>>> print(open('coords23.cif').read())   # mmCIF, C-alpha atoms and all ligand atoms
data_model
loop_
_atom_site.label_atom_id
_atom_site.label_comp_id
_atom_site.auth_asym_id
_atom_site.auth_seq_id
_atom_site.Cartn_x
_atom_site.Cartn_y
_atom_site.Cartn_z
CA MET A 1 -0.67 8.05 -92.52
CA LEU A 2 -2.09 7.21 -95.95
CA PRO A 3 -0.92 4.00 -97.65
CA LEU A 4 1.92 4.49 -100.09
CA ASN A 5 -0.22 4.12 -103.20
CA GLU A 6 -2.40 7.04 -102.07
CA ARG A 7 0.49 9.36 -101.34
CA HIS A 8 2.37 11.66 -103.68
CA MET A 9 6.03 10.82 -104.21
CA SER A 10 8.46 13.68 -103.76
CA ALA A 11 11.96 14.16 -105.12
CA MET A 12 13.28 13.42 -101.63
CA ALA A 13 11.36 10.13 -101.46
CA LEU A 14 12.70 9.02 -104.85
CA ARG A 15 16.22 10.00 -103.91
CA THR A 16 15.92 8.03 -100.68
CA TYR A 17 14.70 4.94 -102.55
CA LEU A 18 17.43 5.18 -105.16
CA SER A 19 20.16 5.48 -102.54
CA CYS A 20 18.83 2.71 -100.26
CA PRO A 21 15.43 0.96 -100.52
CA LEU A 22 15.59 0.00 -96.83
CA ARG A 23 16.03 3.62 -95.84
CA PHE A 24 12.95 4.39 -97.93
CA ARG A 25 11.01 1.70 -96.06
CA TYR A 26 11.99 3.03 -92.65
CA ARG A 27 11.04 6.57 -93.61
CA TYR A 28 7.97 6.14 -95.83
CA LEU A 29 6.45 2.79 -94.92
CA ASP A 30 7.37 2.43 -91.26
CA ASN A 31 6.98 6.21 -90.69
CA LEU A 32 10.16 6.24 -88.67
CA TYR A 33 11.04 9.88 -89.05
CA TRP A 34 14.46 10.71 -87.66
CA SER A 35 16.11 13.94 -88.67
CA ARG A 36 19.45 13.37 -90.31
CA GLN A 37 20.75 16.26 -88.20
CA TRP A 38 19.93 14.43 -84.97
CA GLY A 39 23.11 14.24 -82.93
CA SER A 40 25.08 16.13 -85.59
CA ALA A 41 27.90 18.56 -84.80
CA PRO A 42 26.91 22.11 -83.69
CA GLU A 43 28.55 23.71 -86.76
CA GLU A 44 26.51 21.46 -89.04
CA GLN A 45 23.29 22.40 -87.25
CA LYS A 46 24.27 26.06 -87.46
CA ALA A 47 24.86 25.81 -91.21
CA LEU A 48 21.49 24.11 -91.65
CA GLU A 49 19.75 26.82 -89.64
CA ARG A 50 21.49 29.55 -91.65
CA GLY A 51 20.30 27.93 -94.87
CA GLN A 52 16.73 27.70 -93.57
CA ASN A 53 16.80 31.36 -92.50
CA PHE A 54 18.11 32.39 -95.89
CA HIS A 55 15.30 30.48 -97.60
CA LEU A 56 12.77 32.16 -95.32
CA MET A 57 14.10 35.67 -96.03
CA ALA A 58 14.28 34.97 -99.79
CA ARG A 59 10.69 33.73 -99.77
CA ARG A 60 9.56 36.91 -98.04
CA TYR A 61 11.52 39.08 -100.46
CA TYR A 62 9.87 37.47 -103.51
CA ALA A 63 6.48 37.56 -101.81
CA GLY A 64 6.91 41.35 -101.66
CA VAL A 65 7.17 41.64 -97.87
CA ASP A 66 10.02 42.71 -95.62
CA PRO A 67 12.57 39.84 -95.23
CA ALA A 68 12.38 40.40 -91.44
CA GLN A 69 14.73 39.80 -88.53
CA VAL A 70 15.24 36.04 -88.28
CA ALA A 71 18.60 35.62 -86.53
CA ASP A 72 21.00 37.16 -84.02
CA PRO A 73 22.60 40.47 -85.13
CA VAL A 74 25.83 38.92 -86.47
CA GLU A 75 24.09 36.25 -88.51
CA GLN A 76 21.34 38.64 -89.52
CA SER A 77 23.85 40.99 -91.16
CA GLU A 78 25.37 38.07 -93.08
CA LEU A 79 21.91 36.96 -94.20
CA GLU A 80 20.99 40.48 -95.26
CA ALA A 81 24.17 40.63 -97.35
CA TRP A 82 23.13 37.36 -99.01
CA ILE A 83 19.66 38.77 -99.72
CA GLN A 84 21.25 41.83 -101.32
CA LEU A 85 23.31 39.57 -103.56
CA LEU A 86 20.18 37.62 -104.40
CA ALA A 87 18.27 40.81 -105.24
CA GLY A 88 21.15 41.82 -107.52
CA PHE A 89 21.10 38.43 -109.23
CA LEU A 90 17.33 38.19 -109.54
CA PRO A 91 15.55 41.47 -108.74
CA ARG A 92 11.85 41.32 -108.01
CA THR A 93 10.38 43.24 -110.93
CA ALA A 94 6.80 44.03 -111.87
CA ASP A 95 7.04 42.57 -115.40
CA ARG A 96 7.48 38.96 -114.19
CA ALA A 97 5.27 36.72 -112.06
CA PHE A 98 7.08 35.47 -108.95
CA HIS A 99 5.75 32.33 -107.24
CA PRO A 100 7.74 31.56 -104.07
CA GLU A 101 7.11 28.22 -102.34
CA LEU A 102 4.87 26.98 -105.13
CA GLU A 103 3.49 23.49 -104.50
CA LEU A 104 2.20 21.29 -107.32
CA ARG A 105 0.60 17.87 -107.21
CA LEU A 106 0.05 15.45 -110.06
CA ASN A 107 -2.83 12.99 -109.69
CA ARG A 108 -2.68 10.45 -112.48
CA PRO A 109 -3.67 6.81 -112.09
CA ASP A 110 -0.13 5.78 -113.05
CA LEU A 111 1.76 8.63 -111.40
CA ARG A 112 1.20 10.61 -108.21
CA LEU A 113 3.90 13.17 -107.64
CA MET A 114 4.39 16.37 -105.69
CA ALA A 115 6.92 19.17 -105.90
CA LYS A 116 7.43 22.15 -103.65
CA PHE A 117 9.45 24.72 -105.55
CA VAL A 118 11.55 27.36 -103.82
CA LEU A 119 10.67 29.84 -106.57
CA VAL A 120 9.16 29.78 -110.05
CA VAL A 121 9.36 32.92 -112.18
CA VAL A 122 7.10 33.21 -115.22
CA ASP A 123 7.63 35.73 -118.03
CA SER A 124 4.84 37.22 -120.07
CA ASP A 125 5.97 35.26 -123.15
CA GLY A 126 5.29 31.98 -121.31
CA ARG A 127 8.87 31.10 -120.39
CA ALA A 128 9.41 29.86 -116.86
CA THR A 129 12.48 29.50 -114.66
CA ILE A 130 12.65 27.27 -111.61
CA PHE A 131 15.12 28.65 -109.06
CA ASP A 132 16.68 26.75 -106.21
CA TRP A 133 19.09 28.16 -103.63
CA LYS A 134 22.06 26.24 -102.29
CA THR A 135 23.92 27.51 -99.24
CA GLU A 136 26.60 24.88 -98.81
CA LYS A 137 30.24 25.97 -98.74
CA ARG A 138 30.72 24.79 -102.28
CA MET A 139 28.51 24.84 -105.33
CA PRO A 140 27.35 21.36 -106.34
CA ARG A 141 28.82 20.04 -109.56
CA LYS A 142 26.70 20.35 -112.68
CA SER A 143 27.00 16.60 -113.31
CA TYR A 144 25.47 16.00 -109.87
CA LEU A 145 22.68 18.52 -110.39
CA LEU A 146 21.81 16.96 -113.75
CA LYS A 147 21.40 13.58 -112.05
CA SER A 148 19.59 14.93 -109.03
CA PRO A 149 16.01 13.68 -108.48
CA GLN A 150 15.19 17.29 -107.60
CA THR A 151 16.05 18.41 -111.15
CA LEU A 152 14.18 15.41 -112.56
CA VAL A 153 10.98 15.98 -110.58
CA TYR A 154 10.90 19.79 -110.66
CA ARG A 155 11.31 20.27 -114.40
CA TYR A 156 8.92 17.43 -115.16
CA MET A 157 6.29 18.63 -112.70
CA LEU A 158 6.20 22.21 -113.94
CA CYS A 159 5.41 20.90 -117.43
CA ALA A 160 3.02 18.17 -116.33
CA ALA A 161 1.13 19.96 -113.56
CA GLY A 162 1.95 23.69 -113.66
CA GLY A 163 -0.22 24.76 -116.61
CA GLN A 164 -2.38 27.12 -114.56
CA TYR A 165 0.71 29.34 -114.04
CA SER A 166 1.41 29.66 -117.77
CA PRO A 167 -0.17 32.53 -119.71
CA ARG A 168 -0.90 29.95 -122.43
CA GLY A 169 -2.32 27.25 -120.15
CA ARG A 170 0.66 24.89 -120.47
CA PHE A 171 4.42 25.08 -120.28
CA LYS A 172 6.21 23.40 -123.16
CA PRO A 173 9.42 21.70 -122.01
CA ASP A 174 11.64 23.99 -124.07
CA GLU A 175 10.07 26.99 -122.30
CA ILE A 176 11.40 25.75 -118.97
CA GLU A 177 14.80 25.89 -117.35
CA MET A 178 16.11 25.34 -113.84
CA ILE A 179 18.76 27.50 -112.19
CA TYR A 180 20.71 26.66 -109.04
CA TRP A 181 22.31 29.63 -107.26
CA ASN A 182 24.43 29.96 -104.14
CA PRO A 183 25.01 33.32 -102.36
CA LEU A 184 28.60 32.26 -101.70
CA TYR A 185 29.19 32.14 -105.47
CA PRO A 186 26.87 34.92 -106.62
CA SER A 187 28.26 35.25 -110.13
CA ARG A 188 28.35 31.52 -110.88
CA TRP A 189 25.14 29.63 -111.31
CA GLU A 190 24.11 26.39 -112.96
CA ARG A 191 21.47 26.62 -115.66
CA LEU A 192 19.72 23.45 -116.78
CA PRO A 193 17.43 23.87 -119.80
CA TYR A 194 14.70 21.32 -120.58
CA SER A 195 13.51 19.68 -123.81
CA GLU A 196 10.58 17.67 -125.16
CA ALA A 197 12.78 14.58 -125.54
CA GLN A 198 13.93 14.81 -121.91
CA PHE A 199 10.36 15.39 -120.72
CA GLN A 200 9.19 12.19 -122.46
CA LYS A 201 12.13 10.26 -121.07
CA ASP A 202 11.47 11.60 -117.56
CA ALA A 203 7.77 10.72 -117.77
CA GLU A 204 8.58 7.12 -118.65
CA TYR A 205 11.25 6.85 -115.99
CA LEU A 206 9.08 8.34 -113.23
CA ARG A 207 6.18 6.02 -114.10
CA SER A 208 8.46 2.98 -114.08
CA LEU A 209 10.21 3.96 -110.88
CA THR A 210 7.05 4.69 -108.89
CA ALA A 211 5.45 1.48 -110.22
CA GLN A 212 8.48 -0.46 -109.06
CA ILE A 213 8.29 1.09 -105.59
CA LEU A 214 4.56 0.40 -105.27
CA ARG A 215 4.79 -3.26 -106.24
CA THR A 216 7.74 -3.99 -103.95
CA PRO A 217 6.66 -6.05 -100.92
CA ARG A 218 7.65 -4.50 -97.60
CA GLU A 219 10.27 -7.17 -96.86
CA ALA A 220 11.90 -6.66 -100.26
CA PHE A 221 13.09 -3.10 -99.63
CA LEU A 222 16.68 -4.18 -99.29
CA ALA A 223 19.66 -2.50 -97.66
CA THR A 224 22.25 -0.85 -99.85
CA SER A 225 25.61 -2.58 -100.02
CA GLU A 226 27.32 0.81 -100.25
CA MET A 227 28.68 1.43 -96.77
CA ASN A 228 29.54 5.02 -97.60
CA ILE A 229 25.82 5.74 -97.92
CA CYS A 230 25.23 4.12 -94.51
CA ARG A 231 27.87 6.35 -92.92
CA HIS A 232 25.60 9.37 -93.38
CA CYS A 233 22.28 7.66 -92.79
CA GLU A 234 20.08 8.51 -89.80
CA TYR A 235 19.11 4.81 -89.45
CA GLN A 236 22.66 3.63 -89.02
CA MET A 237 21.95 2.94 -85.35
CA ILE A 238 19.36 0.33 -86.39
CA CYS A 239 21.40 -1.25 -89.17
CA HIS A 240 24.92 -0.98 -87.82
CA GLY A 241 24.60 0.11 -84.19
CA ARG A 242 26.26 3.52 -84.53
CA ARG A 243 25.32 7.11 -85.21
CA ALA A 244 25.56 8.80 -88.58
CA GLU A 245 28.71 10.74 -89.28
CA GLN A 246 28.88 14.39 -90.10
CA ILE A 247 27.79 15.15 -93.63
CA ASP A 248 30.45 16.33 -96.02
CA THR A 249 28.60 17.68 -99.02
CA GLU A 250 31.42 17.11 -101.50
CA GLU A 251 31.86 13.52 -100.43
CA GLU A 252 28.12 12.95 -100.39
CA GLU A 253 27.74 14.39 -103.87
CA ALA A 254 30.43 12.17 -105.32
CA LEU A 255 28.77 9.22 -103.68
CA TYR A 256 25.30 10.00 -104.93
CA GLU A 257 26.62 10.77 -108.37
CA ALA A 258 28.23 7.35 -108.45
CA THR A 259 25.23 5.47 -107.09
CA LEU A 260 22.20 7.39 -108.35
CA SER A 261 21.33 6.80 -111.92
CA TRP A 262 17.98 7.73 -113.21
CA GLU A 263 19.04 6.78 -116.70
CA ASP A 264 18.40 3.17 -115.70
CA LEU A 265 16.07 1.75 -113.13
CA PRO A 266 17.75 0.09 -110.17
CA GLU A 267 17.76 -3.70 -110.10
CA LEU A 268 14.47 -5.14 -108.98
CA PRO A 269 14.66 -6.90 -105.63
S1 LIG A 301 22.12 2.44 -92.54
FE1 LIG A 301 22.56 1.86 -94.64
S2 LIG A 301 21.36 0.00 -95.01
FE2 LIG A 301 20.53 0.99 -93.17
S3 LIG A 301 18.86 2.25 -93.93
FE3 LIG A 301 20.66 3.56 -93.84
S4 LIG A 301 21.58 3.47 -95.86
FE4 LIG A 301 20.15 1.78 -95.69
#
>>> encode(input="coords23.cif", output="structure tokens")
Amino acid sequence: MLPLNERHMSAMALRTYLSCPLRFRYRYLDNLYWSRQWGSAPEEQKALERGQNFHLMARRYYAGVDPAQVADPVEQSELEAWIQLLAGFLPRTADRAFHPELELRLNRPDLRLMAKFVLVVVDSDGRATIFDWKTEKRMPRKSYLLKSPQTLVYRYMLCAAGGQYSPRGRFKPDEIEMIYWNPLYPSRWERLPYSEAQFQKDAEYLRSLTAQILRTPREAFLATSEMNICRHCEYQMICHGRRAEQIDTEEEEALYEATLSWEDLPELP
């Protein structure tokens, strides 16, 4: 694997670092990849699989091909109902450019980032909407989504690296918004507009955060003191000698909301 300074940071990598630097080290420096679902309860694995199948069918729908049979008949009919709701919420029309699974990379000397979008829709007037689907039993809170590294990285990256998809060669921040949608709450979505001021703030924050990660010596990626984060961590067996507990999204959200703050950089080790 490439050294860290030659790799592109993703929203997931930043989120991992912000929640626990040691977890980041295990995953991205030591290349110890353990799925968080390893050993998880069957219903949790089922929910994860359903979400992945929904993403696959949605991608096919926006790519203009048949969503296909991806699951057993009972689950397939539920997924098809979700796709119908999605098509009602955001129909695939000829007057907009649909870019499912769009991947962007930013290669700047002071910032190497990557983002893989679920869907970006571009209008002929140059406005762009980043869509992301959630399939958890409850819709994440707006306050959580606003703090999420996914929102941070996606909106920033479309402005900084997505110019080739704009009819004018560059997206201005106020031409961009991000929408989170969940088929279980089809008429309630979270819309997060962007602005020039936020873009500048995000650029500075992302540069500072990645610089901090890159200059941290391996032994200085310290463990979080927040045991509630450990409870859901796949490396708990190494740190605390026990398996991760089942993930409760509401609890996890509250936790991350309380501990993640990309308004301020975390304390330097
Ligand atoms: S178990 Fe806790 S301290 Fe260890 S890597 Fe995971 S979050 Fe960090």
>>> residues_near_ligand(input="coords23.cif", ligand="ligand LIG 301 (chain A)", cutoff="7 Å", atoms="only C-alpha atoms and all ligand atoms", output="list in words")
Cys20, Pro21, Leu22, Arg23, Ala223, Thr224, Met227, Ile229, Cys230, Arg231, Cys233, Glu234, Tyr235, Gln236, Ile238, Cys239 and His240 of chain A
>>> closest_residue(input="coords23.cif", among="A:Glu43, A:Asp123, A:Asp174, A:Asp202", to="Phe98 of chain A", atoms="only C-alpha atoms")
A:Asp123
>>> atom_distance(input="coords23.cif", atom1="atom CA of Tyr154 of chain A", atom2="atom CA of Tyr62 of chain A")
19.1 Å
>>> residues_around(input="coords23.cif", residues="segment 24-34 of chain A", least_positions_apart="3", cutoff="12 Å", atoms="only C-alpha atoms", output="mmCIF file with C-alpha atoms, in the coordinates of the input")
data_model
loop_
_atom_site.group_PDB
_atom_site.id
_atom_site.type_symbol
_atom_site.label_atom_id
_atom_site.label_comp_id
_atom_site.auth_asym_id
_atom_site.auth_seq_id
_atom_site.Cartn_x
_atom_site.Cartn_y
_atom_site.Cartn_z
ATOM 1 C CA MET A 1 -0.670 8.050 -92.520
ATOM 2 C CA LEU A 2 -2.090 7.210 -95.950
ATOM 3 C CA PRO A 3 -0.920 4.000 -97.650
ATOM 4 C CA LEU A 4 1.920 4.490 -100.090
ATOM 5 C CA ASN A 5 -0.220 4.120 -103.200
ATOM 6 C CA ARG A 7 0.490 9.360 -101.340
ATOM 7 C CA HIS A 8 2.370 11.660 -103.680
ATOM 8 C CA MET A 9 6.030 10.820 -104.210
ATOM 9 C CA SER A 10 8.460 13.680 -103.760
ATOM 10 C CA MET A 12 13.280 13.420 -101.630
ATOM 11 C CA ALA A 13 11.360 10.130 -101.460
ATOM 12 C CA LEU A 14 12.700 9.020 -104.850
ATOM 13 C CA ARG A 15 16.220 10.000 -103.910
ATOM 14 C CA THR A 16 15.920 8.030 -100.680
ATOM 15 C CA TYR A 17 14.700 4.940 -102.550
ATOM 16 C CA LEU A 18 17.430 5.180 -105.160
ATOM 17 C CA SER A 19 20.160 5.480 -102.540
ATOM 18 C CA CYS A 20 18.830 2.710 -100.260
ATOM 19 C CA PRO A 21 15.430 0.960 -100.520
ATOM 20 C CA GLN A 37 20.750 16.260 -88.200
ATOM 21 C CA TRP A 38 19.930 14.430 -84.970
ATOM 22 C CA GLY A 39 23.110 14.240 -82.930
ATOM 23 C CA ILE A 213 8.290 1.090 -105.590
ATOM 24 C CA LEU A 214 4.560 0.400 -105.270
ATOM 25 C CA THR A 216 7.740 -3.990 -103.950
ATOM 26 C CA PRO A 217 6.660 -6.050 -100.920
ATOM 27 C CA ARG A 218 7.650 -4.500 -97.600
ATOM 28 C CA GLU A 219 10.270 -7.170 -96.860
ATOM 29 C CA ALA A 220 11.900 -6.660 -100.260
ATOM 30 C CA PHE A 221 13.090 -3.100 -99.630
ATOM 31 C CA LEU A 222 16.680 -4.180 -99.290
ATOM 32 C CA ALA A 223 19.660 -2.500 -97.660
ATOM 33 C CA THR A 224 22.250 -0.850 -99.850
ATOM 34 C CA CYS A 233 22.280 7.660 -92.790
ATOM 35 C CA GLU A 234 20.080 8.510 -89.800
ATOM 36 C CA TYR A 235 19.110 4.810 -89.450
ATOM 37 C CA GLN A 236 22.660 3.630 -89.020
ATOM 38 C CA MET A 237 21.950 2.940 -85.350
ATOM 39 C CA ILE A 238 19.360 0.330 -86.390
ATOM 40 C CA CYS A 239 21.400 -1.250 -89.170
ATOM 41 C CA ARG A 243 25.320 7.110 -85.210
ATOM 42 C CA ALA A 244 25.560 8.800 -88.580
#
>>> closest_residue(input="coords23.cif", among="A:Tyr144, A:Trp82, A:Phe54, A:Tyr194", to="Met178 of chain A", atoms="all atoms listed in the file")
A:Tyr194
>>> atom_distance(input="coords23.cif", atom1="atom CA of Arg207 of chain A", atom2="atom CA of Leu192 of chain A")
22.2 Å
>>> closest_residue(input="coords23.cif", among="A:Met57, A:Ala41, A:Ile179, A:Ala68", to="Leu145 of chain A", atoms="all atoms listed in the file")
A:Ile179
>>> closest_atom_pairs(input="coords23.cif", of="segment 34-137 of chain A", to="segment 159-173 of chain A", cutoff="8 Å", atoms="all atoms listed in the file", output="Markdown table")
| residue | atom | partner | partner_atom | distance |
| --- | --- | --- | --- | --- |
| A:Leu104 | CA | A:Ala161 | CA | 6.5 |
| A:Arg105 | CA | A:Ala161 | CA | 6.7 |
| A:Leu106 | CA | A:Ala161 | CA | 5.8 |
| A:Val122 | CA | A:Ser166 | CA | 7.2 |
| A:Ser124 | CA | A:Pro167 | CA | 6.9 |
| A:Asp125 | CA | A:Pro167 | CA | 7.5 |
| A:Gly126 | CA | A:Pro167 | CA | 5.7 |
| A:Arg127 | CA | A:Phe171 | CA | 7.5 |
| A:Ala128 | CA | A:Phe171 | CA | 7.7 |
>>> closest_residue(input="coords23.cif", among="A:Glu103, A:Asp132, A:Glu177, A:Glu196", to="Gln150 of chain A", atoms="all atoms listed in the file")
A:Asp132
>>> residues_near_point(input="coords23.cif", point="(28.8, 31.6, -101.4)", cutoff="8 Å", atoms="all atoms listed in the file", output="ChimeraX atom specification")
/A:135-139,182-186
